[in-house]
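K.L.:
Hey, dropping query.pdb in here, PDB, C-alpha atoms and all ligand atoms:
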```
ATOM      1  CA  MET A   1       0.000   0.000   0.000
ATOM      2  CA  PHE A   2       2.746   2.440   0.957
ATOM      3  CA  ASN A   3       4.581   1.430  -2.164
ATOM      4  CA  LYS A   4       1.540   2.115  -4.328
ATOM      5  CA  ILE A   5       1.066   5.643  -2.984
ATOM      6  CA  TRP A   6       4.743   6.384  -3.262
ATOM      7  CA  LYS A   7       4.831   5.293  -6.904
ATOM      8  CA  HIS A   8       1.896   7.545  -7.626
ATOM      9  CA  LYS A   9       3.640  10.521  -5.959
ATOM     10  CA  GLU A  10       6.785   9.868  -7.926
ATOM     11  CA  GLN A  11       4.954  10.000 -11.246
ATOM     12  CA  SER A  12       2.734  12.986 -10.621
ATOM     13  CA  ASN A  13       3.335  16.628  -9.754
ATOM     14  CA  PHE A  14       0.969  16.465  -6.827
ATOM     15  CA  SER A  15       1.269  14.547  -3.637
ATOM     16  CA  ILE A  16      -2.465  14.545  -3.027
ATOM     17  CA  GLU A  17      -4.113  11.273  -2.247
ATOM     18  CA  TYR A  18      -7.631  11.417  -3.657
ATOM     19  CA  THR A  19     -10.507   9.534  -2.138
ATOM     20  CA  LYS A  20     -13.738   8.377  -3.694
ATOM     21  CA  GLU A  21     -15.601  10.464  -1.107
ATOM     22  CA  ASN A  22     -14.009  13.780  -2.060
ATOM     23  CA  ILE A  23     -14.288  13.093  -5.787
ATOM     24  CA  LEU A  24     -18.009  12.419  -5.382
ATOM     25  CA  GLN A  25     -18.505  15.943  -3.940
ATOM     26  CA  GLN A  26     -18.491  17.206  -7.538
ATOM     27  CA  PRO A  27     -20.015  15.802 -10.738
ATOM     28  CA  VAL A  28     -18.049  12.880 -12.197
ATOM     29  CA  PRO A  29     -17.689  12.539 -15.987
ATOM     30  CA  GLU A  30     -20.542  10.468 -17.421
ATOM     31  CA  HIS A  31     -18.486   8.930 -20.200
ATOM     32  CA  VAL A  32     -14.805   8.088 -19.743
ATOM     33  CA  ALA A  33     -12.772   6.695 -22.659
ATOM     34  CA  ILE A  34      -9.355   5.107 -22.162
ATOM     35  CA  ILE A  35      -6.509   4.260 -24.538
ATOM     36  CA  MET A  36      -4.896   1.445 -22.539
ATOM     37  CA  ASP A  37      -1.322   1.727 -23.727
ATOM     38  CA  GLY A  38       1.937   0.324 -22.336
ATOM     39  CA  ASN A  39       1.207  -3.369 -21.816
ATOM     40  CA  GLY A  40       4.112  -4.485 -24.001
ATOM     41  CA  ARG A  41       6.459  -1.991 -22.356
ATOM     42  CA  TRP A  42       5.387  -3.189 -18.905
ATOM     43  CA  ALA A  43       6.269  -6.762 -19.874
ATOM     44  CA  LYS A  44       9.577  -5.771 -21.443
ATOM     45  CA  LYS A  45      10.658  -3.989 -18.260
ATOM     46  CA  ARG A  46      10.162  -7.285 -16.455
ATOM     47  CA  ALA A  47      11.742  -9.448 -19.179
ATOM     48  CA  LEU A  48       8.349 -11.103 -19.692
ATOM     49  CA  PRO A  49       6.639 -11.941 -22.999
ATOM     50  CA  ARG A  50       4.294  -9.225 -24.335
ATOM     51  CA  ALA A  51       1.389 -11.581 -23.676
ATOM     52  CA  ALA A  52       2.067 -11.278 -19.939
ATOM     53  CA  GLY A  53       1.561  -7.510 -20.228
ATOM     54  CA  HIS A  54      -1.730  -7.979 -22.072
ATOM     55  CA  TYR A  55      -2.880 -10.478 -19.459
ATOM     56  CA  GLU A  56      -2.025  -8.075 -16.638
ATOM     57  CA  GLY A  57      -3.764  -5.284 -18.573
ATOM     58  CA  MET A  58      -6.901  -7.398 -18.677
ATOM     59  CA  GLN A  59      -6.900  -7.705 -14.874
ATOM     60  CA  VAL A  60      -6.686  -3.908 -14.691
ATOM     61  CA  VAL A  61      -9.708  -3.641 -17.024
ATOM     62  CA  ARG A  62     -11.694  -5.610 -14.456
ATOM     63  CA  LYS A  63     -10.444  -3.502 -11.541
ATOM     64  CA  ILE A  64     -11.131  -0.165 -13.254
ATOM     65  CA  THR A  65     -14.558  -1.293 -14.503
ATOM     66  CA  ARG A  66     -15.611  -2.145 -10.961
ATOM     67  CA  PHE A  67     -14.330   1.173  -9.639
ATOM     68  CA  ALA A  68     -15.886   3.227 -12.469
ATOM     69  CA  ASN A  69     -19.221   1.589 -11.677
ATOM     70  CA  GLU A  70     -18.815   2.449  -7.982
ATOM     71  CA  LEU A  71     -18.139   6.082  -8.901
ATOM     72  CA  GLY A  72     -21.360   6.237 -10.913
ATOM     73  CA  ILE A  73     -19.643   6.658 -14.271
ATOM     74  CA  LYS A  74     -22.247   5.754 -16.894
ATOM     75  CA  VAL A  75     -20.096   4.708 -19.843
ATOM     76  CA  LEU A  76     -16.536   3.374 -19.926
ATOM     77  CA  THR A  77     -15.128   2.988 -23.453
ATOM     78  CA  LEU A  78     -11.889   1.002 -23.644
ATOM     79  CA  TYR A  79      -9.660   0.806 -26.718
ATOM     80  CA  ALA A  80      -8.857  -2.922 -26.687
ATOM     81  CA  PHE A  81      -7.810  -3.551 -30.307
ATOM     82  CA  SER A  82      -7.331  -1.097 -33.164
ATOM     83  CA  THR A  83      -7.609  -1.729 -36.894
ATOM     84  CA  GLU A  84      -3.825  -1.081 -36.905
ATOM     85  CA  ASN A  85      -3.108  -3.875 -34.406
ATOM     86  CA  TRP A  86      -3.410  -6.557 -37.145
ATOM     87  CA  LYS A  87       0.114  -5.516 -38.200
ATOM     88  CA  ARG A  88       1.569  -7.077 -35.040
ATOM     89  CA  PRO A  89       3.152 -10.550 -35.122
ATOM     90  CA  LYS A  90       0.564 -13.275 -35.712
ATOM     91  CA  SER A  91       1.320 -14.959 -32.386
ATOM     92  CA  GLU A  92       0.531 -11.728 -30.530
ATOM     93  CA  VAL A  93      -2.673 -11.131 -32.510
ATOM     94  CA  ASP A  94      -3.751 -14.722 -31.829
ATOM     95  CA  TYR A  95      -3.173 -14.186 -28.122
ATOM     96  CA  LEU A  96      -5.060 -10.870 -28.087
ATOM     97  CA  MET A  97      -8.008 -12.511 -29.837
ATOM     98  CA  LYS A  98      -8.296 -14.966 -26.951
ATOM     99  CA  LEU A  99      -8.573 -12.211 -24.350
ATOM    100  CA  PRO A 100     -12.237 -11.273 -24.843
ATOM    101  CA  GLU A 101     -13.205 -14.924 -24.250
ATOM    102  CA  GLN A 102     -10.874 -15.234 -21.316
ATOM    103  CA  PHE A 103     -12.112 -11.990 -19.821
ATOM    104  CA  LEU A 104     -15.732 -12.962 -20.207
ATOM    105  CA  THR A 105     -15.272 -16.541 -18.961
ATOM    106  CA  THR A 106     -13.683 -15.151 -15.814
ATOM    107  CA  PHE A 107     -15.688 -12.000 -15.243
ATOM    108  CA  LEU A 108     -19.082 -12.170 -17.001
ATOM    109  CA  PRO A 109     -20.888 -13.564 -13.923
ATOM    110  CA  GLU A 110     -19.478 -10.689 -11.836
ATOM    111  CA  LEU A 111     -20.422  -8.126 -14.487
ATOM    112  CA  ILE A 112     -23.981  -9.443 -14.537
ATOM    113  CA  GLU A 113     -24.040  -9.342 -10.737
ATOM    114  CA  GLU A 114     -22.931  -5.701 -10.863
ATOM    115  CA  ASN A 115     -25.575  -4.789 -13.470
ATOM    116  CA  VAL A 116     -22.963  -3.902 -16.146
ATOM    117  CA  THR A 117     -23.931  -3.805 -19.844
ATOM    118  CA  VAL A 118     -21.251  -4.996 -22.278
ATOM    119  CA  ARG A 119     -21.178  -3.337 -25.693
ATOM    120  CA  VAL A 120     -18.746  -3.272 -28.580
ATOM    121  CA  ILE A 121     -17.810  -0.734 -31.235
ATOM    122  CA  GLY A 122     -15.655  -1.752 -34.210
ATOM    123  CA  ASP A 123     -15.887  -4.224 -37.044
ATOM    124  CA  CYS A 124     -16.531  -7.528 -35.284
ATOM    125  CA  ASN A 125     -17.081  -9.482 -38.522
ATOM    126  CA  GLN A 126     -13.317  -9.604 -39.104
ATOM    127  CA  LEU A 127     -12.620 -11.158 -35.708
ATOM    128  CA  PRO A 128     -12.082 -14.917 -35.346
ATOM    129  CA  GLU A 129     -15.316 -16.876 -34.939
ATOM    130  CA  HIS A 130     -14.519 -17.869 -31.326
ATOM    131  CA  THR A 131     -13.972 -14.220 -30.347
ATOM    132  CA  GLN A 132     -17.216 -13.125 -32.004
ATOM    133  CA  THR A 133     -19.175 -15.866 -30.248
ATOM    134  CA  ALA A 134     -17.881 -14.855 -26.800
ATOM    135  CA  VAL A 135     -18.533 -11.162 -27.401
ATOM    136  CA  LYS A 136     -22.033 -11.704 -28.823
ATOM    137  CA  LYS A 137     -22.972 -13.827 -25.814
ATOM    138  CA  ALA A 138     -21.781 -11.150 -23.379
ATOM    139  CA  VAL A 139     -23.682  -8.410 -25.214
ATOM    140  CA  GLU A 140     -26.809 -10.588 -25.289
ATOM    141  CA  ASP A 141     -26.552 -11.694 -21.635
ATOM    142  CA  THR A 142     -26.146  -8.133 -20.347
ATOM    143  CA  LYS A 143     -28.417  -6.161 -22.671
ATOM    144  CA  HIS A 144     -31.143  -5.648 -20.035
ATOM    145  CA  ASN A 145     -28.729  -4.449 -17.350
ATOM    146  CA  THR A 146     -29.045  -0.811 -16.322
ATOM    147  CA  GLY A 147     -25.678   0.005 -14.648
ATOM    148  CA  LEU A 148     -22.366   0.980 -16.226
ATOM    149  CA  ILE A 149     -22.027   0.489 -19.984
ATOM    150  CA  LEU A 150     -18.675  -1.217 -20.574
ATOM    151  CA  ASN A 151     -18.015  -0.392 -24.197
ATOM    152  CA  PHE A 152     -15.072  -2.199 -25.824
ATOM    153  CA  ALA A 153     -13.542  -0.761 -28.996
ATOM    154  CA  LEU A 154     -12.516  -3.975 -30.776
ATOM    155  CA  ASN A 155     -11.080  -3.823 -34.280
ATOM    156  CA  TYR A 156     -12.040  -0.168 -34.133
ATOM    157  CA  GLY A 157     -10.676   2.662 -36.259
ATOM    158  CA  SER A 158     -12.246   6.089 -36.284
ATOM    159  CA  ARG A 159     -11.591   6.904 -39.950
ATOM    160  CA  ALA A 160     -13.096   3.559 -40.975
ATOM    161  CA  GLU A 161     -16.106   4.353 -38.782
ATOM    162  CA  ILE A 162     -16.570   7.786 -40.362
ATOM    163  CA  THR A 163     -16.011   6.424 -43.888
ATOM    164  CA  HIS A 164     -18.660   3.757 -43.285
ATOM    165  CA  ALA A 165     -21.079   6.437 -42.016
ATOM    166  CA  VAL A 166     -20.488   8.635 -45.089
ATOM    167  CA  LYS A 167     -21.158   5.661 -47.381
ATOM    168  CA  GLU A 168     -24.402   4.793 -45.596
ATOM    169  CA  ILE A 169     -25.581   8.410 -45.705
ATOM    170  CA  ALA A 170     -24.722   8.601 -49.428
ATOM    171  CA  LYS A 171     -26.876   5.494 -50.007
ATOM    172  CA  GLN A 172     -29.777   7.131 -48.181
ATOM    173  CA  VAL A 173     -29.443  10.198 -50.408
ATOM    174  CA  GLN A 174     -29.120   8.079 -53.550
ATOM    175  CA  GLN A 175     -32.274   6.162 -52.659
ATOM    176  CA  GLY A 176     -34.124   9.409 -52.017
ATOM    177  CA  HIS A 177     -34.692   8.848 -48.277
ATOM    178  CA  LEU A 178     -32.584  11.863 -47.354
ATOM    179  CA  SER A 179     -31.606  15.122 -49.075
ATOM    180  CA  ALA A 180     -28.080  16.569 -48.927
ATOM    181  CA  GLU A 181     -29.515  19.610 -47.088
ATOM    182  CA  GLN A 182     -30.850  17.430 -44.306
ATOM    183  CA  ILE A 183     -27.381  16.154 -43.408
ATOM    184  CA  ASP A 184     -26.328  17.833 -40.189
ATOM    185  CA  GLU A 185     -24.110  16.837 -37.247
ATOM    186  CA  GLU A 186     -26.940  14.932 -35.631
ATOM    187  CA  VAL A 187     -27.443  12.874 -38.786
ATOM    188  CA  VAL A 188     -23.727  12.112 -39.067
ATOM    189  CA  ALA A 189     -23.537  11.133 -35.367
ATOM    190  CA  SER A 190     -26.516   8.803 -35.844
ATOM    191  CA  TYR A 191     -24.524   6.773 -38.412
ATOM    192  CA  LEU A 192     -21.535   6.273 -36.117
ATOM    193  CA  MET A 193     -21.111   3.172 -33.955
ATOM    194  CA  THR A 194     -21.527   5.344 -30.868
ATOM    195  CA  ARG A 195     -25.008   6.404 -32.012
ATOM    196  CA  ASN A 196     -26.708   5.728 -28.657
ATOM    197  CA  LEU A 197     -23.934   7.060 -26.462
ATOM    198  CA  LYS A 198     -23.153  10.578 -25.314
ATOM    199  CA  ASP A 199     -19.691  11.836 -26.332
ATOM    200  CA  PRO A 200     -16.853  11.117 -23.879
ATOM    201  CA  ASP A 201     -16.330  13.791 -21.230
ATOM    202  CA  LEU A 202     -12.844  12.576 -20.368
ATOM    203  CA  LEU A 203     -10.201  10.746 -22.400
ATOM    204  CA  ILE A 204      -7.319   9.047 -20.618
ATOM    205  CA  ARG A 205      -4.251   7.730 -22.413
ATOM    206  CA  THR A 206      -1.594   5.840 -20.490
ATOM    207  CA  SER A 207       2.073   5.186 -21.223
ATOM    208  CA  GLY A 208       3.234   8.634 -22.269
ATOM    209  CA  GLU A 209       2.072   8.826 -25.905
ATOM    210  CA  ILE A 210       0.351  12.153 -26.603
ATOM    211  CA  ARG A 211      -1.794  11.286 -29.629
ATOM    212  CA  LEU A 212      -5.216   9.887 -30.536
ATOM    213  CA  SER A 213      -4.161   6.989 -32.786
ATOM    214  CA  ASN A 214      -7.402   6.987 -34.789
ATOM    215  CA  PHE A 215      -9.607   6.755 -31.692
ATOM    216  CA  MET A 216     -13.079   8.407 -31.662
ATOM    217  CA  LEU A 217     -12.015  11.439 -33.725
ATOM    218  CA  TRP A 218     -15.558  12.759 -34.118
ATOM    219  CA  GLN A 219     -16.685  11.969 -30.584
ATOM    220  CA  LEU A 220     -13.706  13.599 -28.838
ATOM    221  CA  ALA A 221     -14.331  17.083 -30.279
ATOM    222  CA  TYR A 222     -15.050  18.672 -26.854
ATOM    223  CA  THR A 223     -13.549  16.026 -24.557
ATOM    224  CA  GLU A 224     -11.018  16.842 -21.812
ATOM    225  CA  PHE A 225      -7.762  14.903 -22.297
ATOM    226  CA  TRP A 226      -5.617  13.464 -19.509
ATOM    227  CA  PHE A 227      -2.290  11.843 -20.327
ATOM    228  CA  THR A 228      -0.054   9.921 -17.964
ATOM    229  CA  ASP A 229       3.300   8.138 -18.186
ATOM    230  CA  VAL A 230       1.898   5.293 -16.072
ATOM    231  CA  LEU A 231       1.755   2.027 -18.031
ATOM    232  CA  TRP A 232      -1.712   0.463 -18.254
ATOM    233  CA  PRO A 233      -0.880  -2.599 -16.112
ATOM    234  CA  ASP A 234       0.264  -0.174 -13.362
ATOM    235  CA  PHE A 235      -2.890   1.960 -13.589
ATOM    236  CA  THR A 236      -4.788   2.089 -10.291
ATOM    237  CA  GLU A 237      -8.017   3.439  -8.840
ATOM    238  CA  GLN A 238      -5.894   6.329  -7.514
ATOM    239  CA  HIS A 239      -4.889   7.295 -11.054
ATOM    240  CA  LEU A 240      -8.520   7.328 -12.170
ATOM    241  CA  LEU A 241      -9.374   9.569  -9.209
ATOM    242  CA  GLU A 242      -6.494  11.885 -10.164
ATOM    243  CA  ALA A 243      -7.754  12.121 -13.761
ATOM    244  CA  ILE A 244     -11.288  12.871 -12.560
ATOM    245  CA  ALA A 245     -10.036  15.475 -10.061
ATOM    246  CA  GLU A 246      -8.207  17.214 -12.909
ATOM    247  CA  PHE A 247     -11.371  17.002 -15.044
ATOM    248  CA  GLN A 248     -13.385  18.592 -12.228
ATOM    249  CA  LYS A 249     -10.953  21.535 -12.082
ATOM    250  CA  ARG A 250     -11.312  22.362 -15.758
ATOM    251  CA  GLY A 251     -14.119  24.611 -16.920
ATOM    252  CA  ARG A 252     -15.784  23.129 -19.959
ATOM    253  CA  ARG A 253     -17.420  25.600 -22.301
ATOM    254  CA  PHE A 254     -17.965  23.598 -25.493
ATOM    255  CA  GLY A 255     -16.604  26.487 -27.540
ATOM    256  CA  GLY A 256     -18.719  29.136 -25.789
ATOM    257  CA  ILE A 257     -17.376  31.795 -23.425
TER     258      ILE A 257
HETATM  259  C1  LIG B 301      -7.461  -6.822 -24.275
HETATM  260  C2  LIG B 301      -6.262  -6.214 -22.145
HETATM  261  C3  LIG B 301      -6.372  -4.756 -21.789
HETATM  262  C4  LIG B 301      -5.209  -3.948 -22.261
HETATM  263  C5  LIG B 301      -5.215  -3.667 -23.725
HETATM  264  C6  LIG B 301      -4.831  -4.759 -24.693
HETATM  265  C7  LIG B 301      -5.043  -6.177 -24.248
HETATM  266  C8  LIG B 301     -10.391  -7.009 -22.353
HETATM  267  C9  LIG B 301     -10.894  -7.326 -23.599
HETATM  268  C10 LIG B 301     -12.272  -7.603 -23.956
HETATM  269  C11 LIG B 301     -12.767  -7.230 -25.201
HETATM  270  C12 LIG B 301     -14.095  -7.469 -25.543
HETATM  271  C13 LIG B 301     -14.938  -8.036 -24.612
HETATM  272  C14 LIG B 301     -14.475  -8.401 -23.372
HETATM  273  C15 LIG B 301     -13.148  -8.180 -23.042
HETATM  274  C16 LIG B 301      -9.789  -7.295 -24.448
HETATM  275  C17 LIG B 301      -8.514  -7.419 -26.353
HETATM  276  C18 LIG B 301      -7.389  -7.071 -25.649
HETATM  277  C19 LIG B 301      -8.429  -7.679 -27.814
HETATM  278  F1  LIG B 301     -16.232  -8.240 -24.923
HETATM  279  N1  LIG B 301      -9.089  -6.792 -22.415
HETATM  280  N2  LIG B 301      -8.692  -6.962 -23.695
HETATM  281  N3  LIG B 301      -9.715  -7.526 -25.768
HETATM  282  N4  LIG B 301      -6.313  -6.440 -23.579
END
```
Would you mind writing the file's structure down as structure tokens?
P.N.:
Amino acid sequence: MFNKIWKHKEQSNFSIEYTKENILQQPVPEHVAIIMDGNGRWAKKRALPRAAGHYEGMQVVRKITRFANELGIKVLTLYAFSTENWKRPKSEVDYLMKLPEQFLTTFLPELIEENVTVRVIGDCNQLPEHTQTAVKKAVEDTKHNTGLILNFALNYGSRAEITHAVKEIAKQVQQGHLSAEQIDEEVVASYLMTRNLKDPDLLIRTSGEIRLSNFMLWQLAYTEFWFTDVLWPDFTEQHLLEAIAEFQKRGRRFGGI
């Protein structure tokens, strides 16, 4: 415990220890999105195979999901696999494709218990059959739950998402169901995979990279960003509280004054 707090102090400018109770004094972000980076680096530092980092990262997904639910966060979107990740070695991709099943085999009963809804954005048709089956079952088994929405971005790429939306809208126009003049932001948003979700209020990216990597480009237009050098497998409840505390300090104006 001491070690955990010390690590946190070392990596941040503040030596404040946040508690759930003081964070809940102010509104928490409704939708938090996370780019869970640094799993490979975490493993390398320990001379472990990259798979060990991904496995550890999966345990952190469980921990942070539970805590986000406790805080009353409504939607947690996690970037689990990007359309770019297919370029990794086949053995790593094969391992990653087993994680949704493994995660759900281990944690689905708990998620159901905690009233969590599992959802997915991304092109699932390109995933291996076994991965699709596990994901579809989880979505189906949790669709009537009313607590936290745990939204996994799996084989997700934002430009592909927008391109798909443009194509669908063009078809609607071509078939005469929609005129070009009727296309506004609301129409565009309704063709994205996030159509039923509010835009993220807070984006977190771990592991020191300061970029979006093709993640939710449309949806992040007014989102507050929080970057940390902490590697995803080292990410704790305390880090989430720190990100939320920072969010609560910022005045959001959505372009107004
Ligand atoms: C993956 C663990 C977390 C760190 C980032 C990369 C590795 C959970 C899932 C998952 C996805 C869908 C679902 C249930 C669980 C997952 C992949 C990688 C591909 F319905 N973690 N995790 N999927 N990592």
K.L.:
Let me see if you get this right: every residue at most 9 Å from ligand LIG 301 (chain B), counting all atoms listed in the file, written as a ChimeraX atom specification.
P.N.:
/A:35-40,51,53-62,78-82,93,95-104,107-108,118-120,131-132,134-139,150-155,232-233
K.L.:
Print the selection's residues with C-alpha atoms to a file, as a PDB file, keeping the file's coordinate frame.
P.N.:
```
ATOM      1  CA  ILE A  35      -6.509   4.260 -24.538  1.00  0.00           C
ATOM      2  CA  MET A  36      -4.896   1.445 -22.539  1.00  0.00           C
ATOM      3  CA  ASP A  37      -1.322   1.727 -23.727  1.00  0.00           C
ATOM      4  CA  GLY A  38       1.937   0.324 -22.336  1.00  0.00           C
ATOM      5  CA  ASN A  39       1.207  -3.369 -21.816  1.00  0.00           C
ATOM      6  CA  GLY A  40       4.112  -4.485 -24.001  1.00  0.00           C
ATOM      7  CA  ALA A  51       1.389 -11.581 -23.676  1.00  0.00           C
ATOM      8  CA  GLY A  53       1.561  -7.510 -20.228  1.00  0.00           C
ATOM      9  CA  HIS A  54      -1.730  -7.979 -22.072  1.00  0.00           C
ATOM     10  CA  TYR A  55      -2.880 -10.478 -19.459  1.00  0.00           C
ATOM     11  CA  GLU A  56      -2.025  -8.075 -16.638  1.00  0.00           C
ATOM     12  CA  GLY A  57      -3.764  -5.284 -18.573  1.00  0.00           C
ATOM     13  CA  MET A  58      -6.901  -7.398 -18.677  1.00  0.00           C
ATOM     14  CA  GLN A  59      -6.900  -7.705 -14.874  1.00  0.00           C
ATOM     15  CA  VAL A  60      -6.686  -3.908 -14.691  1.00  0.00           C
ATOM     16  CA  VAL A  61      -9.708  -3.641 -17.024  1.00  0.00           C
ATOM     17  CA  ARG A  62     -11.694  -5.610 -14.456  1.00  0.00           C
ATOM     18  CA  LEU A  78     -11.889   1.002 -23.644  1.00  0.00           C
ATOM     19  CA  TYR A  79      -9.660   0.806 -26.718  1.00  0.00           C
ATOM     20  CA  ALA A  80      -8.857  -2.922 -26.687  1.00  0.00           C
ATOM     21  CA  PHE A  81      -7.810  -3.551 -30.307  1.00  0.00           C
ATOM     22  CA  SER A  82      -7.331  -1.097 -33.164  1.00  0.00           C
ATOM     23  CA  VAL A  93      -2.673 -11.131 -32.510  1.00  0.00           C
ATOM     24  CA  TYR A  95      -3.173 -14.186 -28.122  1.00  0.00           C
ATOM     25  CA  LEU A  96      -5.060 -10.870 -28.087  1.00  0.00           C
ATOM     26  CA  MET A  97      -8.008 -12.511 -29.837  1.00  0.00           C
ATOM     27  CA  LYS A  98      -8.296 -14.966 -26.951  1.00  0.00           C
ATOM     28  CA  LEU A  99      -8.573 -12.211 -24.350  1.00  0.00           C
ATOM     29  CA  PRO A 100     -12.237 -11.273 -24.843  1.00  0.00           C
ATOM     30  CA  GLU A 101     -13.205 -14.924 -24.250  1.00  0.00           C
ATOM     31  CA  GLN A 102     -10.874 -15.234 -21.316  1.00  0.00           C
ATOM     32  CA  PHE A 103     -12.112 -11.990 -19.821  1.00  0.00           C
ATOM     33  CA  LEU A 104     -15.732 -12.962 -20.207  1.00  0.00           C
ATOM     34  CA  PHE A 107     -15.688 -12.000 -15.243  1.00  0.00           C
ATOM     35  CA  LEU A 108     -19.082 -12.170 -17.001  1.00  0.00           C
ATOM     36  CA  VAL A 118     -21.251  -4.996 -22.278  1.00  0.00           C
ATOM     37  CA  ARG A 119     -21.178  -3.337 -25.693  1.00  0.00           C
ATOM     38  CA  VAL A 120     -18.746  -3.272 -28.580  1.00  0.00           C
ATOM     39  CA  THR A 131     -13.972 -14.220 -30.347  1.00  0.00           C
ATOM     40  CA  GLN A 132     -17.216 -13.125 -32.004  1.00  0.00           C
ATOM     41  CA  ALA A 134     -17.881 -14.855 -26.800  1.00  0.00           C
ATOM     42  CA  VAL A 135     -18.533 -11.162 -27.401  1.00  0.00           C
ATOM     43  CA  LYS A 136     -22.033 -11.704 -28.823  1.00  0.00           C
ATOM     44  CA  LYS A 137     -22.972 -13.827 -25.814  1.00  0.00           C
ATOM     45  CA  ALA A 138     -21.781 -11.150 -23.379  1.00  0.00           C
ATOM     46  CA  VAL A 139     -23.682  -8.410 -25.214  1.00  0.00           C
ATOM     47  CA  LEU A 150     -18.675  -1.217 -20.574  1.00  0.00           C
ATOM     48  CA  ASN A 151     -18.015  -0.392 -24.197  1.00  0.00           C
ATOM     49  CA  PHE A 152     -15.072  -2.199 -25.824  1.00  0.00           C
ATOM     50  CA  ALA A 153     -13.542  -0.761 -28.996  1.00  0.00           C
ATOM     51  CA  LEU A 154     -12.516  -3.975 -30.776  1.00  0.00           C
ATOM     52  CA  ASN A 155     -11.080  -3.823 -34.280  1.00  0.00           C
ATOM     53  CA  TRP A 232      -1.712   0.463 -18.254  1.00  0.00           C
ATOM     54  CA  PRO A 233      -0.880  -2.599 -16.112  1.00  0.00           C
TER      55      PRO A 233
END
```
K.L.:
Which one is closest to Glu70 of chain A: A:Ile204, A:Leu241, A:Ala52, A:Leu231? Count only C-alpha atoms.
P.N.:
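Going through A:Ile204, A:Leu241, A:Ala52, A:Leu231 one by one, the smallest distance to Glu70 of chain A is for A:Leu241.
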K.L.:
Evaluate the PyMOL selection byres (((chain A and resi 168) around 12) and not hetatm) against this structure - the residues, as a PDB file with C-alpha atoms, in the coordinates of the input, please.
P.N.:
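What ended up in result.pdb:
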```
ATOM      1  CA  GLU A 161     -16.106   4.353 -38.782  1.00  0.00           C
ATOM      2  CA  ILE A 162     -16.570   7.786 -40.362  1.00  0.00           C
ATOM      3  CA  THR A 163     -16.011   6.424 -43.888  1.00  0.00           C
ATOM      4  CA  HIS A 164     -18.660   3.757 -43.285  1.00  0.00           C
ATOM      5  CA  ALA A 165     -21.079   6.437 -42.016  1.00  0.00           C
ATOM      6  CA  VAL A 166     -20.488   8.635 -45.089  1.00  0.00           C
ATOM      7  CA  LYS A 167     -21.158   5.661 -47.381  1.00  0.00           C
ATOM      8  CA  ILE A 169     -25.581   8.410 -45.705  1.00  0.00           C
ATOM      9  CA  ALA A 170     -24.722   8.601 -49.428  1.00  0.00           C
ATOM     10  CA  LYS A 171     -26.876   5.494 -50.007  1.00  0.00           C
ATOM     11  CA  GLN A 172     -29.777   7.131 -48.181  1.00  0.00           C
ATOM     12  CA  VAL A 173     -29.443  10.198 -50.408  1.00  0.00           C
ATOM     13  CA  GLN A 174     -29.120   8.079 -53.550  1.00  0.00           C
ATOM     14  CA  GLN A 175     -32.274   6.162 -52.659  1.00  0.00           C
ATOM     15  CA  HIS A 177     -34.692   8.848 -48.277  1.00  0.00           C
ATOM     16  CA  LEU A 178     -32.584  11.863 -47.354  1.00  0.00           C
ATOM     17  CA  ILE A 183     -27.381  16.154 -43.408  1.00  0.00           C
ATOM     18  CA  VAL A 187     -27.443  12.874 -38.786  1.00  0.00           C
ATOM     19  CA  VAL A 188     -23.727  12.112 -39.067  1.00  0.00           C
ATOM     20  CA  SER A 190     -26.516   8.803 -35.844  1.00  0.00           C
ATOM     21  CA  TYR A 191     -24.524   6.773 -38.412  1.00  0.00           C
ATOM     22  CA  LEU A 192     -21.535   6.273 -36.117  1.00  0.00           C
TER      23      LEU A 192
END
```
K.L.:
Written as a list in words, which residues does the PyMOL selection byres (((chain A and resi 145) around 8) and not hetatm) give for the file shown?
P.N.:
Ile112, Asn115, Val116, Thr117, Thr142, Lys143, His144, Thr146 and Gly147 of chain A
K.L.:
If the PyMOL selection byres (((chain A and resi 157) around 8) and not hetatm) is run on the structure shown, which residues does it catch, given as an mmCIF file with C-alpha atoms, in the frame of the given file?
P.N.:
```cif
data_model
loop_
_atom_site.group_PDB
_atom_site.id
_atom_site.type_symbol
_atom_site.label_atom_id
_atom_site.label_comp_id
_atom_site.auth_asym_id
_atom_site.auth_seq_id
_atom_site.Cartn_x
_atom_site.Cartn_y
_atom_site.Cartn_z
ATOM 1 C CA SER A 82 -7.331 -1.097 -33.164
ATOM 2 C CA THR A 83 -7.609 -1.729 -36.894
ATOM 3 C CA GLU A 84 -3.825 -1.081 -36.905
ATOM 4 C CA GLY A 122 -15.655 -1.752 -34.210
ATOM 5 C CA ASN A 155 -11.080 -3.823 -34.280
ATOM 6 C CA TYR A 156 -12.040 -0.168 -34.133
ATOM 7 C CA SER A 158 -12.246 6.089 -36.284
ATOM 8 C CA ARG A 159 -11.591 6.904 -39.950
ATOM 9 C CA ALA A 160 -13.096 3.559 -40.975
ATOM 10 C CA GLU A 161 -16.106 4.353 -38.782
ATOM 11 C CA ASN A 214 -7.402 6.987 -34.789
ATOM 12 C CA PHE A 215 -9.607 6.755 -31.692
ATOM 13 C CA MET A 216 -13.079 8.407 -31.662
#
```
K.L.:
Just how far from atom CA of Asn69 of chain A is atom CA of Leu148 of chain A, in Å to one decimal?
P.N.:
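A separation of 5.6 Å between them.
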K.L.:
What is the atom CA of Thr19 of chain A-atom CA of His239 of chain A distance in Å, reported with one decimal?
P.N.:
10.8 Å
K.L.:
Using Å and a single decimal, report how far atom CA of Ala43 of chain A sits from atom CA of Ile244 of chain A.
P.N.:
27.3 Å
K.L.:
Do a neighbour search on Ala245 of chain A at 8 Å with only C-alpha atoms, toss out local chain neighbours closer than 4 positions, and write the hits as a list in words.
P.N.:
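Answer for this query is Tyr18, Ile23, Leu241 and Lys249 of chain A.
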